[in-house]
Amino acid sequence: MLRARQLENKLSSLYKAGKIVGGVYLGRGQEAVSASLGAALVQGKDIFAALIRDQAGRTAFGEPLIDCTRTYLGSVLGPMKGRDGNIHRGRPLDGMPAMISHLGAQVSVVAGMLFARRMKGELPGVVGATCVGDGATSTGAFHEGVNLAAMEKLPLVIVVANNQFAYSTSTDRQFACHDLVDRARGYGIPGYSVDGTDFLACTTVIGEAVQRARNGGGPQMIVAKLLRLSGHGEHDDGSYVPDTLKAGPYGRDCIEVAMRQMTEGRYATVDELAAWQDETADEVQRAVAQAQQEPIPDPYTAEWNALSTQFFKPE
């Protein structure tokens with residue numbers, strides 16, 4: 001969680017300085033949910049389809065910080081070779097499919113990957129997971145993916161980060177049910193609610209759901225209530241979010257809550273937490289500095305020229 005927050009604070013500064021091409025979408029306020037999911041999964045065995053606010057989950061799942069900084073800064077050494085959008089990175093062979101911008105699509109992708117593994121006889125003990133926003137639950141891809149997973153009893157874990165807004169559309173204009181967790185019942189799968197600002201609650205509820213799926217319990221849905229602590233992206237000031245909501249229980253900073261829980265539960269001391277913050281800040285600085293020194297794609301390479309002549313006739 002601390003690594004993700006430090007990294008995203010740096011990405012925000014780089015974006016505002018004009019160093020990043022494309023948008024920057026941060027997971028401030030969602031770190032407890034995302035990290036709990038990523039930490040419950042096993043890299044090299046499970047599938048984790050991260051979304052735009054899942055830097056904490058990516059890091060917990062094992063993605064190196066350099067993968068992120070290389071992608072945002074366009075390095076040719078990054079997983080996307082500097083030739084795709086900065087949020088569309090992934091390493092499919094390591095169980096992390098590249099992110100798809102179309103909301104809800106990751107649910108269908110992971111369900112399909114799990115179904116394929118079953119056909120190959122590779123499924124027992126494997127879990128596939130994704131974390132989507134409340135707006136994604138209204139898409140066709142979400143419905144199709146969950147329905148397939150429910151019918152086939154696939155080990156799919158879906159965490160819905162209900163951050164109260166689909167971009168700027170509030171939840172009272174998105175769905176008619178009382179709570180998004182009610183939708184799980186309609187698919188015939190178990191659904192659970194958790195306070196997304198409560199770190200220990202997230203690790204428990206999400207961790208147990210992953211274990212149930214791994215043990216043959218079929219699809220699991222968790223709805224975590226929280227609030228974005230920034231706009232939809234760094235281009236958006238979030239002025240549509242009422243001050244009363246920001247001052248409410250879901251406006252808490254999950255990292256501040258987690259740090260308090262760590263000290264009160266004697267899991268870590270204040271000095272240890274401060275050392276972790278310094279350590280993660282150094283890691284971020286090194287990853288950014290390394291990516292900044294690396295080359296970016298050259299549109300005049302032989303590969304690019306060979307591709308371009310297929311579509312444009314040379315003069």
# chains A, B, ... in the order shown; residues from 1 in each chain; ligands from 1
call {"tool": "residues_around", "arguments": {"residues": "range 250-256 of chain A", "least_positions_apart": "6", "cutoff": "12 Å", "atoms": "only C-alpha atoms", "output": "VMD selection string"}}
result
chain A and resid 1 to 6 27 to 36 56 161 to 164 194 to 202 224 to 230 241 to 244 262 to 263 273 277
call {"tool": "residues_around", "arguments": {"residues": "Gln220 in chain A", "least_positions_apart": "6", "cutoff": "7 Å", "atoms": "only C-alpha atoms", "output": "list in words"}}
result
Leu156, Val157, Ile158, Ile189, Pro190, Gly191, Ala209 and Ala213 of chain A
call {"tool": "select_by_dssp", "arguments": {"residues": "range 44-270 of chain A", "states": "strand (DSSP E or B)", "output": "PyMOL selection string"}}
result
chain A and resi 47-49+91+96+128-133+156-162+165-166+169-170+191-195+220-225
call {"tool": "write_last_selection", "arguments": {"atoms": "N, CA and C atoms", "output": "mmCIF file, in the first residue's frame"}}
result
data_model
loop_
_atom_site.group_PDB
_atom_site.id
_atom_site.type_symbol
_atom_site.label_atom_id
_atom_site.label_comp_id
_atom_site.auth_asym_id
_atom_site.auth_seq_id
_atom_site.Cartn_x
_atom_site.Cartn_y
_atom_site.Cartn_z
ATOM 1 N N ILE A 47 -4.368 -16.001 -11.560
ATOM 2 C CA ILE A 47 -4.583 -14.961 -12.572
ATOM 3 C C ILE A 47 -5.083 -13.710 -11.868
ATOM 4 N N PHE A 48 -4.462 -12.573 -12.177
ATOM 5 C CA PHE A 48 -4.906 -11.304 -11.601
ATOM 6 C C PHE A 48 -5.032 -10.279 -12.719
ATOM 7 N N ALA A 49 -6.259 -9.893 -13.020
ATOM 8 C CA ALA A 49 -6.522 -8.882 -14.045
ATOM 9 C C ALA A 49 -6.747 -7.546 -13.347
ATOM 10 N N ARG A 91 1.662 -8.825 -18.018
ATOM 11 C CA ARG A 91 2.558 -9.933 -18.356
ATOM 12 C C ARG A 91 1.713 -11.209 -18.321
ATOM 13 N N MET A 96 -0.828 -12.158 -15.395
ATOM 14 C CA MET A 96 -1.359 -10.803 -15.302
ATOM 15 C C MET A 96 -1.685 -10.293 -16.705
ATOM 16 N N GLY A 128 -8.732 -17.115 -10.290
ATOM 17 C CA GLY A 128 -8.660 -15.950 -11.164
ATOM 18 C C GLY A 128 -9.409 -14.810 -10.518
ATOM 19 N N ALA A 129 -8.850 -13.617 -10.567
ATOM 20 C CA ALA A 129 -9.470 -12.498 -9.859
ATOM 21 C C ALA A 129 -9.334 -11.197 -10.633
ATOM 22 N N THR A 130 -10.273 -10.317 -10.397
ATOM 23 C CA THR A 130 -10.191 -8.967 -10.937
ATOM 24 C C THR A 130 -10.898 -8.022 -9.976
ATOM 25 N N CYS A 131 -10.550 -6.762 -10.078
ATOM 26 C CA CYS A 131 -11.148 -5.724 -9.235
ATOM 27 C C CYS A 131 -11.718 -4.662 -10.164
ATOM 28 N N VAL A 132 -13.033 -4.486 -10.136
ATOM 29 C CA VAL A 132 -13.692 -3.530 -11.019
ATOM 30 C C VAL A 132 -14.403 -2.461 -10.194
ATOM 31 N N GLY A 133 -14.823 -1.388 -10.866
ATOM 32 C CA GLY A 133 -15.559 -0.337 -10.192
ATOM 33 C C GLY A 133 -17.052 -0.580 -10.233
ATOM 34 N N LEU A 156 -13.601 -17.850 -9.764
ATOM 35 C CA LEU A 156 -13.434 -16.438 -10.100
ATOM 36 C C LEU A 156 -13.800 -15.565 -8.900
ATOM 37 N N VAL A 157 -12.895 -14.700 -8.506
ATOM 38 C CA VAL A 157 -13.140 -13.755 -7.418
ATOM 39 C C VAL A 157 -13.258 -12.361 -8.020
ATOM 40 N N ILE A 158 -14.401 -11.722 -7.801
ATOM 41 C CA ILE A 158 -14.644 -10.380 -8.319
ATOM 42 C C ILE A 158 -14.769 -9.427 -7.139
ATOM 43 N N VAL A 159 -13.883 -8.474 -7.082
ATOM 44 C CA VAL A 159 -13.964 -7.433 -6.066
ATOM 45 C C VAL A 159 -14.505 -6.174 -6.738
ATOM 46 N N VAL A 160 -15.625 -5.700 -6.254
ATOM 47 C CA VAL A 160 -16.229 -4.482 -6.783
ATOM 48 C C VAL A 160 -15.877 -3.334 -5.843
ATOM 49 N N ALA A 161 -15.077 -2.412 -6.331
ATOM 50 C CA ALA A 161 -14.724 -1.232 -5.539
ATOM 51 C C ALA A 161 -15.809 -0.174 -5.766
ATOM 52 N N ASN A 162 -16.772 -0.141 -4.877
ATOM 53 C CA ASN A 162 -17.869 0.820 -5.001
ATOM 54 C C ASN A 162 -17.394 2.162 -4.450
ATOM 55 N N PHE A 165 -18.949 6.584 -7.433
ATOM 56 C CA PHE A 165 -19.108 7.295 -8.698
ATOM 57 C C PHE A 165 -18.528 6.478 -9.854
ATOM 58 N N ALA A 166 -19.273 6.409 -10.964
ATOM 59 C CA ALA A 166 -18.749 5.904 -12.229
ATOM 60 C C ALA A 166 -18.348 7.143 -13.011
ATOM 61 N N THR A 169 -20.883 9.963 -12.378
ATOM 62 C CA THR A 169 -22.266 9.526 -12.177
ATOM 63 C C THR A 169 -22.382 8.808 -10.839
ATOM 64 N N SER A 170 -23.148 9.365 -9.929
ATOM 65 C CA SER A 170 -23.273 8.791 -8.591
ATOM 66 C C SER A 170 -24.050 7.483 -8.626
ATOM 67 N N GLY A 191 -22.172 -13.417 -2.053
ATOM 68 C CA GLY A 191 -21.714 -12.034 -2.078
ATOM 69 C C GLY A 191 -21.420 -11.541 -0.680
ATOM 70 N N TYR A 192 -20.407 -10.711 -0.551
ATOM 71 C CA TYR A 192 -19.978 -10.217 0.759
ATOM 72 C C TYR A 192 -19.725 -8.717 0.677
ATOM 73 N N SER A 193 -19.968 -8.031 1.764
ATOM 74 C CA SER A 193 -19.714 -6.593 1.846
ATOM 75 C C SER A 193 -18.563 -6.335 2.806
ATOM 76 N N VAL A 194 -17.800 -5.287 2.515
ATOM 77 C CA VAL A 194 -16.712 -4.917 3.408
ATOM 78 C C VAL A 194 -16.489 -3.415 3.322
ATOM 79 N N ASP A 195 -16.050 -2.838 4.413
ATOM 80 C CA ASP A 195 -15.663 -1.428 4.443
ATOM 81 C C ASP A 195 -14.290 -1.319 3.783
ATOM 82 N N GLN A 220 -16.907 -15.928 -6.319
ATOM 83 C CA GLN A 220 -17.109 -15.137 -5.104
ATOM 84 C C GLN A 220 -17.156 -13.665 -5.494
ATOM 85 N N MET A 221 -18.094 -12.923 -4.919
ATOM 86 C CA MET A 221 -18.160 -11.489 -5.180
ATOM 87 C C MET A 221 -18.078 -10.718 -3.867
ATOM 88 N N ILE A 222 -17.194 -9.729 -3.838
ATOM 89 C CA ILE A 222 -17.047 -8.862 -2.666
ATOM 90 C C ILE A 222 -17.276 -7.430 -3.111
ATOM 91 N N VAL A 223 -18.131 -6.728 -2.409
ATOM 92 C CA VAL A 223 -18.365 -5.312 -2.693
ATOM 93 C C VAL A 223 -17.748 -4.492 -1.567
ATOM 94 N N ALA A 224 -16.776 -3.683 -1.918
ATOM 95 C CA ALA A 224 -16.081 -2.855 -0.935
ATOM 96 C C ALA A 224 -16.519 -1.401 -1.106
ATOM 97 N N LYS A 225 -17.061 -0.826 -0.068
ATOM 98 C CA LYS A 225 -17.495 0.565 -0.133
ATOM 99 C C LYS A 225 -16.354 1.483 0.289
#
call {"tool": "closest_residue", "arguments": {"among": "A:Thr280, A:Gln293, A:Thr301, A:Thr137", "to": "Glu8 in chain A", "atoms": "only C-alpha atoms"}}
result
A:Thr280
call {"tool": "atom_distance", "arguments": {"atom1": "CA of Ala291 in chain A", "atom2": "CA of Gly82 in chain A"}}
result
11.0 Å
call {"tool": "residues_around", "arguments": {"residues": "Met113 in chain A", "least_positions_apart": "4", "cutoff": "12 Å", "atoms": "only C-alpha atoms", "output": "number ranges by chain"}}
result
A: 46-49, 92-93, 95-97, 106-109, 117-120, 122-123, 126-129, 145, 148-149, 154-156
call {"tool": "write_last_selection", "arguments": {"atoms": "N, CA and C atoms", "output": "PDB file, in the first residue's frame"}}
result
ATOM      1  N   ASP A  46      -1.844 -18.163 -10.029  1.00  0.00           N
ATOM      2  CA  ASP A  46      -3.162 -17.548 -10.181  1.00  0.00           C
ATOM      3  C   ASP A  46      -3.179 -16.528 -11.309  1.00  0.00           C
ATOM      4  N   ILE A  47      -4.368 -16.001 -11.560  1.00  0.00           N
ATOM      5  CA  ILE A  47      -4.583 -14.961 -12.572  1.00  0.00           C
ATOM      6  C   ILE A  47      -5.083 -13.710 -11.868  1.00  0.00           C
ATOM      7  N   PHE A  48      -4.462 -12.573 -12.177  1.00  0.00           N
ATOM      8  CA  PHE A  48      -4.906 -11.304 -11.601  1.00  0.00           C
ATOM      9  C   PHE A  48      -5.032 -10.279 -12.719  1.00  0.00           C
ATOM     10  N   ALA A  49      -6.259  -9.893 -13.020  1.00  0.00           N
ATOM     11  CA  ALA A  49      -6.522  -8.882 -14.045  1.00  0.00           C
ATOM     12  C   ALA A  49      -6.747  -7.546 -13.347  1.00  0.00           C
ATOM     13  N   PRO A  92       0.994 -11.475 -19.418  1.00  0.00           N
ATOM     14  CA  PRO A  92       0.051 -12.603 -19.452  1.00  0.00           C
ATOM     15  C   PRO A  92       0.661 -13.940 -19.063  1.00  0.00           C
ATOM     16  N   LEU A  93       1.905 -14.196 -19.467  1.00  0.00           N
ATOM     17  CA  LEU A  93       2.530 -15.475 -19.144  1.00  0.00           C
ATOM     18  C   LEU A  93       2.781 -15.628 -17.647  1.00  0.00           C
ATOM     19  N   GLY A  95       0.516 -14.577 -15.493  1.00  0.00           N
ATOM     20  CA  GLY A  95      -0.800 -14.539 -14.862  1.00  0.00           C
ATOM     21  C   GLY A  95      -1.392 -13.157 -14.702  1.00  0.00           C
ATOM     22  N   MET A  96      -0.828 -12.158 -15.395  1.00  0.00           N
ATOM     23  CA  MET A  96      -1.359 -10.803 -15.302  1.00  0.00           C
ATOM     24  C   MET A  96      -1.685 -10.293 -16.705  1.00  0.00           C
ATOM     25  N   PRO A  97      -2.928 -10.528 -17.171  1.00  0.00           N
ATOM     26  CA  PRO A  97      -3.306 -10.035 -18.502  1.00  0.00           C
ATOM     27  C   PRO A  97      -3.274  -8.516 -18.552  1.00  0.00           C
ATOM     28  N   GLN A 106     -12.628  -7.276 -18.188  1.00  0.00           N
ATOM     29  CA  GLN A 106     -11.680  -8.139 -17.488  1.00  0.00           C
ATOM     30  C   GLN A 106     -12.383  -9.329 -16.841  1.00  0.00           C
ATOM     31  N   VAL A 107     -13.645  -9.140 -16.446  1.00  0.00           N
ATOM     32  CA  VAL A 107     -14.389 -10.245 -15.842  1.00  0.00           C
ATOM     33  C   VAL A 107     -14.547 -11.378 -16.853  1.00  0.00           C
ATOM     34  N   SER A 108     -14.958 -11.020 -18.069  1.00  0.00           N
ATOM     35  CA  SER A 108     -15.111 -12.031 -19.117  1.00  0.00           C
ATOM     36  C   SER A 108     -13.781 -12.669 -19.493  1.00  0.00           C
ATOM     37  N   VAL A 109     -12.722 -11.858 -19.545  1.00  0.00           N
ATOM     38  CA  VAL A 109     -11.401 -12.379 -19.901  1.00  0.00           C
ATOM     39  C   VAL A 109     -10.930 -13.413 -18.877  1.00  0.00           C
ATOM     40  N   ARG A 117      -8.206 -23.109 -18.795  1.00  0.00           N
ATOM     41  CA  ARG A 117      -7.350 -23.925 -17.931  1.00  0.00           C
ATOM     42  C   ARG A 117      -8.056 -25.213 -17.515  1.00  0.00           C
ATOM     43  N   ARG A 118      -9.380 -25.103 -17.302  1.00  0.00           N
ATOM     44  CA  ARG A 118     -10.123 -26.322 -16.966  1.00  0.00           C
ATOM     45  C   ARG A 118     -10.045 -27.320 -18.118  1.00  0.00           C
ATOM     46  N   MET A 119     -10.195 -26.839 -19.330  1.00  0.00           N
ATOM     47  CA  MET A 119     -10.151 -27.729 -20.492  1.00  0.00           C
ATOM     48  C   MET A 119      -8.786 -28.387 -20.642  1.00  0.00           C
ATOM     49  N   LYS A 120      -7.744 -27.711 -20.166  1.00  0.00           N
ATOM     50  CA  LYS A 120      -6.391 -28.270 -20.225  1.00  0.00           C
ATOM     51  C   LYS A 120      -6.062 -29.130 -19.001  1.00  0.00           C
ATOM     52  N   GLU A 122      -5.777 -27.941 -15.939  1.00  0.00           N
ATOM     53  CA  GLU A 122      -4.860 -27.177 -15.084  1.00  0.00           C
ATOM     54  C   GLU A 122      -5.572 -26.391 -13.989  1.00  0.00           C
ATOM     55  N   LEU A 123      -6.871 -26.605 -13.799  1.00  0.00           N
ATOM     56  CA  LEU A 123      -7.642 -25.694 -12.951  1.00  0.00           C
ATOM     57  C   LEU A 123      -7.577 -25.955 -11.451  1.00  0.00           C
ATOM     58  N   VAL A 126      -6.343 -23.290  -8.676  1.00  0.00           N
ATOM     59  CA  VAL A 126      -6.062 -21.994  -9.300  1.00  0.00           C
ATOM     60  C   VAL A 126      -7.217 -21.041  -9.044  1.00  0.00           C
ATOM     61  N   VAL A 127      -6.895 -19.748  -8.856  1.00  0.00           N
ATOM     62  CA  VAL A 127      -7.907 -18.707  -8.686  1.00  0.00           C
ATOM     63  C   VAL A 127      -7.659 -17.613  -9.720  1.00  0.00           C
ATOM     64  N   GLY A 128      -8.732 -17.115 -10.290  1.00  0.00           N
ATOM     65  CA  GLY A 128      -8.660 -15.950 -11.164  1.00  0.00           C
ATOM     66  C   GLY A 128      -9.409 -14.810 -10.518  1.00  0.00           C
ATOM     67  N   ALA A 129      -8.850 -13.617 -10.567  1.00  0.00           N
ATOM     68  CA  ALA A 129      -9.470 -12.498  -9.859  1.00  0.00           C
ATOM     69  C   ALA A 129      -9.334 -11.197 -10.633  1.00  0.00           C
ATOM     70  N   GLY A 145     -19.614 -12.464 -18.151  1.00  0.00           N
ATOM     71  CA  GLY A 145     -18.526 -13.135 -17.452  1.00  0.00           C
ATOM     72  C   GLY A 145     -18.975 -13.776 -16.154  1.00  0.00           C
ATOM     73  N   LEU A 148     -21.246 -16.840 -16.897  1.00  0.00           N
ATOM     74  CA  LEU A 148     -20.463 -18.013 -17.290  1.00  0.00           C
ATOM     75  C   LEU A 148     -19.791 -18.638 -16.070  1.00  0.00           C
ATOM     76  N   ALA A 149     -19.163 -17.800 -15.242  1.00  0.00           N
ATOM     77  CA  ALA A 149     -18.452 -18.307 -14.062  1.00  0.00           C
ATOM     78  C   ALA A 149     -19.404 -19.010 -13.106  1.00  0.00           C
ATOM     79  N   LEU A 154     -16.714 -21.630 -11.822  1.00  0.00           N
ATOM     80  CA  LEU A 154     -15.297 -21.308 -11.964  1.00  0.00           C
ATOM     81  C   LEU A 154     -14.781 -20.593 -10.723  1.00  0.00           C
ATOM     82  N   PRO A 155     -13.501 -20.759 -10.378  1.00  0.00           N
ATOM     83  CA  PRO A 155     -12.922 -20.103  -9.197  1.00  0.00           C
ATOM     84  C   PRO A 155     -12.578 -18.636  -9.476  1.00  0.00           C
ATOM     85  N   LEU A 156     -13.601 -17.850  -9.764  1.00  0.00           N
ATOM     86  CA  LEU A 156     -13.434 -16.438 -10.100  1.00  0.00           C
ATOM     87  C   LEU A 156     -13.800 -15.565  -8.900  1.00  0.00           C
TER      88      LEU A 156
END
call {"tool": "residues_around", "arguments": {"residues": "Ala60 in chain A", "least_positions_apart": "2", "cutoff": "6 Å", "atoms": "only C-alpha atoms", "output": "ChimeraX atom specification"}}
result
/A:35,38-39,57-58,62
call {"tool": "atom_distance", "arguments": {"atom1": "CA of Ser13 in chain A", "atom2": "CA of Gly233 in chain A"}}
result
13.0 Å
call {"tool": "closest_residue", "arguments": {"among": "A:Lys45, A:Lys19, A:His232, A:His143", "to": "Leu114 in chain A", "atoms": "only C-alpha atoms"}}
result
A:Lys45
call {"tool": "closest_residue", "arguments": {"among": "A:Gly231, A:Arg185, A:Thr139, A:Leu77", "to": "Arg53 in chain A", "atoms": "only C-alpha atoms"}}
result
A:Gly231
call {"tool": "residues_around", "arguments": {"residues": "Asp84 in chain A", "least_positions_apart": "6", "cutoff": "10 Å", "atoms": "only C-alpha atoms", "output": "VMD selection string"}}
result
chain A and resid 71 to 72 74
call {"tool": "write_last_selection", "arguments": {"atoms": "C-alpha atoms", "output": "CSV table (one decimal), in the first residue's frame"}}
result
chain,number,residue,atom,x,y,z
A,71,THR,CA,5.4,2.0,-19.1
A,72,TYR,CA,4.4,5.5,-17.9
A,74,GLY,CA,7.6,5.1,-22.5
call {"tool": "closest_residue", "arguments": {"among": "A:Ser75, A:Pro219, A:Val24, A:Gly44", "to": "Ala111 in chain A", "atoms": "only C-alpha atoms"}}
result
A:Pro219
